[in-house]
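> Please read through the structure below; I'll follow up with questions.
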Amino acid sequence: MPELPEVETVRVGLEKLVKGHTIISVEVRWEAIVGMSSAEFDHELAGRTIEKIERRGKYLLFRLSGGMTMISHLRMEGAYYTVPTGTAPAKHDEVTFHLDDRDLFYRDTRKFGRMVLVPDEKTMTIAGLAKIGPEPTDDTLTLEYMVAEFAKTKTYIKPFLLDQSHIAGLGNIYVDETLWQTKIHPLQPANSISKRKLGELRRNIIDELARATKHHGTTVHSFTNAFGQAGQFQNELQVYGRVNQPCERCGTPLVKIKVAQRGTTYCPKCQVLKPVK
DNA sequence: CGAGCCCCCTGGGTGC
DNA sequence: TGCACCCAGGGGGCTC
């Protein structure tokens with residue numbers, strides 16, 4: 001599932017392949033993805049040039065000529081890839097962007113992904129982006145912010161970190177990984193974590209996402225970046241997908257539970273629930 | 001207003 | 001072999 005490192009990998013690939021190219025026409029075969037008819041979507045986009053592709057959290061921002069932005073969220077399995085002009089779409093290729101020199105396909109097996117068109121200046125007003133938290137980098141995610149933000153609620157740390165309004169870009173995989181690294185139990189209330197521990201968590205989140213991005217992200221299930229460059233970070237994961245396997249720190253078999261409807265893998269010995277004062 | 005739950009989807013895996 | 005069922009899960013939107 002694309003989280004920040006995977007989306008960034010897609011962004012870099014798109015910049016190489018479609019930046020500077022013009023959209024001739026568009027066909028949509030599953031209209032819920034774009035929220036309008038195929039004809040309307042085509043009408044809005046035909047003739048515009050893709051000036052650059054930016055990213056905020058897990059959102060891709062296609063900056064188009066004429067002051068329009070196409071916001072694209074891949075959700076679970078969305079993927080972009082380019083093919084020679086006129087290539088027939090396969091079963092789950094739901095959107096075709098006919099560009100001036102090739103076609104850009106959007107594939108989405110489970111049809112969860114969404115594309116939204118807005119004037120550039122309205123980009124940060126759409127649901128999801130309006131309340132998005134800081135990017136997990138040294139400059140943008142400060143310890144002072146984390147201390148204040150985490151103190152606001154006793155929500156379990158796991159769903160707290162999955163909520164993009166607190167910190168942008170984390171998903172199920174990297175939350176499990178960074179909680180394991182920091183030795184925090186997934187059910188620990190956010191406001192019960194010490195400043196020292198938050199400092200460690202911050203360091204691990206920033207470093208883990210940077211490291212995963214460097215490896216072109218994690219390839220699980222059907223996700224690939226579709227640019228002939230599958231991510232390699234799945235080989236680096238220490239808890240996700242490793243239920244019943246020994247903890248790499250202490251050897252205890254990893255346990256899997258449900259937290260807020262999400263599969264959650266952790267080490268019952270390293271990640272102990274601390275009493276709340 | 002925050003927390004919890006449902007829903008959107010399909011393919012892969014499992015049990016009978 | 002086939003069928004019914006469950007699970008994977010980001011995030012919008014709903015209810016309480």
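Please note that chains go A, B, ... in the order of the structure tokens, that every chain numbers its residues from 1, and that ligands are numbered from 1 in the order shown.
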Residues of chain A no more than 8 Å from chain B, counting only C-alpha atoms (C1' of nucleotides): send them over as a ChimeraX atom specification.

/A:109-112

> Just the alpha helix (DSSP H) stuff from stretch 65-254 of chain A, please, per backbone DSSP, written as a ChimeraX atom specification.

/A:143-150,157-162,172-182,195-214

> The selected residues should be written to file as an mmCIF file, in the first residue's frame (atoms: C-alpha atoms).


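Produced file out.cif, reproduced below:
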```
data_model
loop_
_atom_site.group_PDB
_atom_site.id
_atom_site.type_symbol
_atom_site.label_atom_id
_atom_site.label_comp_id
_atom_site.auth_asym_id
_atom_site.auth_seq_id
_atom_site.Cartn_x
_atom_site.Cartn_y
_atom_site.Cartn_z
ATOM 1 C CA LEU A 143 9.791 17.877 18.713
ATOM 2 C CA GLU A 144 7.984 20.896 20.171
ATOM 3 C CA TYR A 145 5.081 20.280 17.787
ATOM 4 C CA MET A 146 4.951 16.581 18.663
ATOM 5 C CA VAL A 147 4.958 17.229 22.403
ATOM 6 C CA ALA A 148 2.041 19.658 22.053
ATOM 7 C CA GLU A 149 0.091 17.556 19.535
ATOM 8 C CA PHE A 150 0.428 14.234 21.364
ATOM 9 C CA ILE A 157 -0.824 5.777 19.405
ATOM 10 C CA LYS A 158 -1.473 3.468 16.440
ATOM 11 C CA PRO A 159 -4.636 5.137 15.068
ATOM 12 C CA PHE A 160 -3.178 8.492 16.130
ATOM 13 C CA LEU A 161 -0.204 7.998 13.802
ATOM 14 C CA LEU A 162 -2.407 6.702 10.981
ATOM 15 C CA ASN A 172 0.047 0.758 8.428
ATOM 16 C CA ILE A 173 3.482 -0.589 7.539
ATOM 17 C CA TYR A 174 5.655 2.273 8.735
ATOM 18 C CA VAL A 175 3.579 2.839 11.870
ATOM 19 C CA ASP A 176 4.157 -0.760 12.959
ATOM 20 C CA GLU A 177 7.842 -0.478 12.073
ATOM 21 C CA THR A 178 8.523 2.771 13.915
ATOM 22 C CA LEU A 179 6.542 1.727 17.005
ATOM 23 C CA TRP A 180 8.619 -1.444 17.181
ATOM 24 C CA GLN A 181 11.837 0.527 16.736
ATOM 25 C CA THR A 182 10.856 2.915 19.504
ATOM 26 C CA LYS A 195 9.096 13.693 25.791
ATOM 27 C CA ARG A 196 12.219 11.549 25.656
ATOM 28 C CA LYS A 197 10.253 8.754 23.982
ATOM 29 C CA LEU A 198 8.635 11.198 21.551
ATOM 30 C CA GLY A 199 12.112 12.367 20.614
ATOM 31 C CA GLU A 200 13.077 8.790 19.766
ATOM 32 C CA LEU A 201 9.842 8.236 17.851
ATOM 33 C CA ARG A 202 10.423 11.411 15.850
ATOM 34 C CA ARG A 203 13.945 10.338 14.954
ATOM 35 C CA ASN A 204 12.762 6.878 13.895
ATOM 36 C CA ILE A 205 9.854 8.179 11.782
ATOM 37 C CA ILE A 206 12.021 10.680 9.915
ATOM 38 C CA ASP A 207 14.880 8.218 9.383
ATOM 39 C CA GLU A 208 12.680 5.237 8.464
ATOM 40 C CA LEU A 209 10.739 7.107 5.790
ATOM 41 C CA ALA A 210 13.925 8.578 4.353
ATOM 42 C CA ARG A 211 15.559 5.152 4.286
ATOM 43 C CA ALA A 212 12.490 3.548 2.657
ATOM 44 C CA THR A 213 12.349 6.328 0.063
ATOM 45 C CA LYS A 214 15.989 5.678 -0.764
#
```

> Which polymer residues have any atom within 9 Å of an atom of stretch 48-65 of chain A, counting only C-alpha atoms (C1' of nucleotides), with same-chain residues fewer than 5 positions away left out, as a ChimeraX atom specification?

/A:2-8,10-12,14-15,18-24,70-75,120,123,129,132-136,164,167-170

> Go ahead and write the selection's residues with N, CA and C atoms as a short mmCIF file (atom, residue, chain, number, x, y, z; two decimals), in the first residue's frame.


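After the write, selection-v3.cif holds the following:
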```cif
data_model
loop_
_atom_site.label_atom_id
_atom_site.label_comp_id
_atom_site.auth_asym_id
_atom_site.auth_seq_id
_atom_site.Cartn_x
_atom_site.Cartn_y
_atom_site.Cartn_z
N PRO A 2 0.66 2.10 -0.94
CA PRO A 2 1.54 3.25 -1.03
C PRO A 2 1.45 4.17 0.18
N GLU A 3 2.55 4.34 0.87
CA GLU A 3 2.68 5.34 1.92
C GLU A 3 3.66 6.38 1.37
N LEU A 4 4.13 7.25 2.20
CA LEU A 4 4.96 8.35 1.70
C LEU A 4 6.13 7.90 0.80
N PRO A 5 6.92 6.91 1.20
CA PRO A 5 8.07 6.53 0.36
C PRO A 5 7.65 6.01 -1.01
N GLU A 6 6.53 5.29 -1.06
CA GLU A 6 6.07 4.75 -2.33
C GLU A 6 5.52 5.88 -3.22
N VAL A 7 4.77 6.79 -2.62
CA VAL A 7 4.21 7.91 -3.40
C VAL A 7 5.34 8.80 -3.92
N GLU A 8 6.35 9.02 -3.11
CA GLU A 8 7.49 9.83 -3.55
C GLU A 8 8.20 9.13 -4.72
N VAL A 10 6.81 7.18 -6.91
CA VAL A 10 5.94 7.38 -8.07
C VAL A 10 6.13 8.80 -8.63
N ARG A 11 6.19 9.77 -7.72
CA ARG A 11 6.36 11.17 -8.14
C ARG A 11 7.64 11.35 -8.97
N VAL A 12 8.72 10.79 -8.47
CA VAL A 12 10.00 10.92 -9.17
C VAL A 12 9.91 10.26 -10.55
N LEU A 14 7.18 9.83 -12.37
CA LEU A 14 6.32 10.65 -13.23
C LEU A 14 7.05 11.89 -13.73
N GLU A 15 7.85 12.49 -12.88
CA GLU A 15 8.61 13.68 -13.29
C GLU A 15 9.52 13.33 -14.48
N VAL A 18 6.62 12.07 -17.68
CA VAL A 18 5.51 12.84 -18.26
C VAL A 18 5.59 14.36 -18.06
N LYS A 19 6.52 14.80 -17.23
CA LYS A 19 6.66 16.24 -17.02
C LYS A 19 6.98 16.95 -18.33
N GLY A 20 6.27 18.05 -18.55
CA GLY A 20 6.50 18.82 -19.77
C GLY A 20 5.67 18.35 -20.95
N HIS A 21 4.94 17.27 -20.77
CA HIS A 21 4.14 16.75 -21.87
C HIS A 21 2.68 17.22 -21.77
N THR A 22 2.02 17.22 -22.91
CA THR A 22 0.66 17.75 -22.99
C THR A 22 -0.36 16.62 -23.09
N ILE A 23 -1.45 16.82 -22.39
CA ILE A 23 -2.56 15.86 -22.43
C ILE A 23 -3.41 16.14 -23.67
N ILE A 24 -3.49 15.18 -24.55
CA ILE A 24 -4.30 15.35 -25.77
C ILE A 24 -5.77 15.04 -25.47
N MET A 70 -4.39 18.62 -10.65
CA MET A 70 -5.07 17.33 -10.49
C MET A 70 -4.47 16.64 -9.27
N ILE A 71 -5.30 16.51 -8.23
CA ILE A 71 -4.85 15.86 -7.01
C ILE A 71 -5.16 14.38 -7.13
N SER A 72 -4.18 13.54 -6.93
CA SER A 72 -4.36 12.09 -7.11
C SER A 72 -3.93 11.36 -5.86
N HIS A 73 -4.85 10.53 -5.34
CA HIS A 73 -4.50 9.69 -4.19
C HIS A 73 -4.60 8.24 -4.61
N LEU A 74 -3.53 7.49 -4.43
CA LEU A 74 -3.47 6.10 -4.91
C LEU A 74 -4.19 5.11 -3.99
N ARG A 75 -4.50 5.57 -2.78
CA ARG A 75 -5.10 4.68 -1.76
C ARG A 75 -4.33 3.36 -1.70
N ASP A 120 -5.33 25.84 -8.80
CA ASP A 120 -4.12 25.72 -7.97
C ASP A 120 -4.30 26.25 -6.54
N THR A 123 -5.86 24.06 -3.80
CA THR A 123 -5.28 22.74 -3.54
C THR A 123 -5.42 22.31 -2.09
N LEU A 129 -6.42 17.28 2.56
CA LEU A 129 -5.29 18.21 2.54
C LEU A 129 -5.53 19.40 3.47
N ILE A 132 -4.10 18.39 6.85
CA ILE A 132 -2.95 17.48 6.87
C ILE A 132 -1.83 18.01 7.78
N GLY A 133 -1.19 17.10 8.48
CA GLY A 133 -0.13 17.45 9.40
C GLY A 133 1.20 17.69 8.69
N PRO A 134 2.25 18.02 9.44
CA PRO A 134 3.55 18.32 8.84
C PRO A 134 4.20 17.11 8.18
N GLU A 135 4.99 17.38 7.15
CA GLU A 135 5.79 16.34 6.51
C GLU A 135 6.82 15.83 7.52
N PRO A 136 7.08 14.54 7.51
CA PRO A 136 8.04 13.99 8.47
C PRO A 136 9.50 14.21 8.06
N GLN A 164 -3.73 11.28 9.30
CA GLN A 164 -2.82 12.16 8.55
C GLN A 164 -2.81 13.61 9.04
N ILE A 167 0.55 13.74 11.61
CA ILE A 167 1.79 13.69 10.84
C ILE A 167 1.42 13.13 9.46
N ALA A 168 1.94 13.72 8.40
CA ALA A 168 1.60 13.28 7.04
C ALA A 168 2.46 12.12 6.58
N GLY A 169 1.84 11.15 5.92
CA GLY A 169 2.62 10.17 5.16
C GLY A 169 2.75 8.78 5.71
N LEU A 170 2.42 8.59 7.01
CA LEU A 170 2.56 7.26 7.59
C LEU A 170 1.35 6.40 7.27
#
```

> Give me, as a VMD selection string, the residues of stretch 28-110 of chain A that a backbone DSSP run labels strand (DSSP E).

chain A and resid 28 50 to 56 59 to 64 68 to 73 79 to 83 93 to 99 103 to 107

> Select from chain C every residue with an atom at most 9 Å from any atom of chain A, then for each give the shortest pair of atoms and their distance in Å to one decimal, using only C-alpha atoms (C1' of nucleotides), rows by chain and rising number, as a tab-separated table.


```
residue	atom	partner	partner_atom	distance
C:DA8	C1'	A:Gly263	CA	8.6
C:DG9	C1'	A:Met76	CA	6.8
C:DG10	C1'	A:Arg75	CA	5.3
C:DG11	C1'	A:Gly128	CA	7.9
C:DG12	C1'	A:Ala127	CA	8.0
```

> Could the residues in this selection be written to a file with C-alpha atoms (C1' of nucleotides), as a PDB file, in the first residue's frame?


```pdb
ATOM      1  C1'  DA C   8      -6.012  -6.841   3.208  1.00  0.00           C
ATOM      2  C1'  DG C   9      -6.624  -1.389   4.271  1.00  0.00           C
ATOM      3  C1'  DG C  10      -6.633   4.762   3.339  1.00  0.00           C
ATOM      4  C1'  DG C  11      -9.644   7.824   4.292  1.00  0.00           C
ATOM      5  C1'  DG C  12     -14.328  10.104   3.721  1.00  0.00           C
TER       6       DG C  12
END
```

> Can you list, as a PDB file with C-alpha atoms, in the first residue's frame, every protein, DNA or RNA residue that comes within 6 Å of A:Val95 when you count only C-alpha atoms (C1' of nucleotides), leaving out same-chain residues fewer than 6 positions away?


```pdb
ATOM      1  CA  GLU A  27     -10.665   8.294 -21.137  1.00  0.00           C
ATOM      2  CA  VAL A  28     -12.105   7.118 -17.846  1.00  0.00           C
ATOM      3  CA  PHE A 105      -2.278   4.588 -17.687  1.00  0.00           C
ATOM      4  CA  TYR A 106      -3.729   4.687 -14.198  1.00  0.00           C
TER       5      TYR A 106
END
```

> Between atom CA of A:Leu187 and atom CA of A:Lys256, what distance in Å does the model show, to one decimal?

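Taking atom CA of A:Leu187 as the start and atom CA of A:Lys256 as the end point, the length is 12.6 Å.
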
> If you measure from atom C1' of C:DC7 to atom CA of A:Thr265, what distance in Å do you get, rounded to one decimal?

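Separation between atom C1' of C:DC7 and atom CA of A:Thr265: 15.1 Å.
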
> Set the distance at 12 Å and use only C-alpha atoms (C1' of nucleotides): which residues neighbour A:Glu31 once local chain neighbours fewer than 4 positions away are removed? I'd like the list as a PyMOL selection string.

chain A and resi 26-27+35-42+94-95+111-116
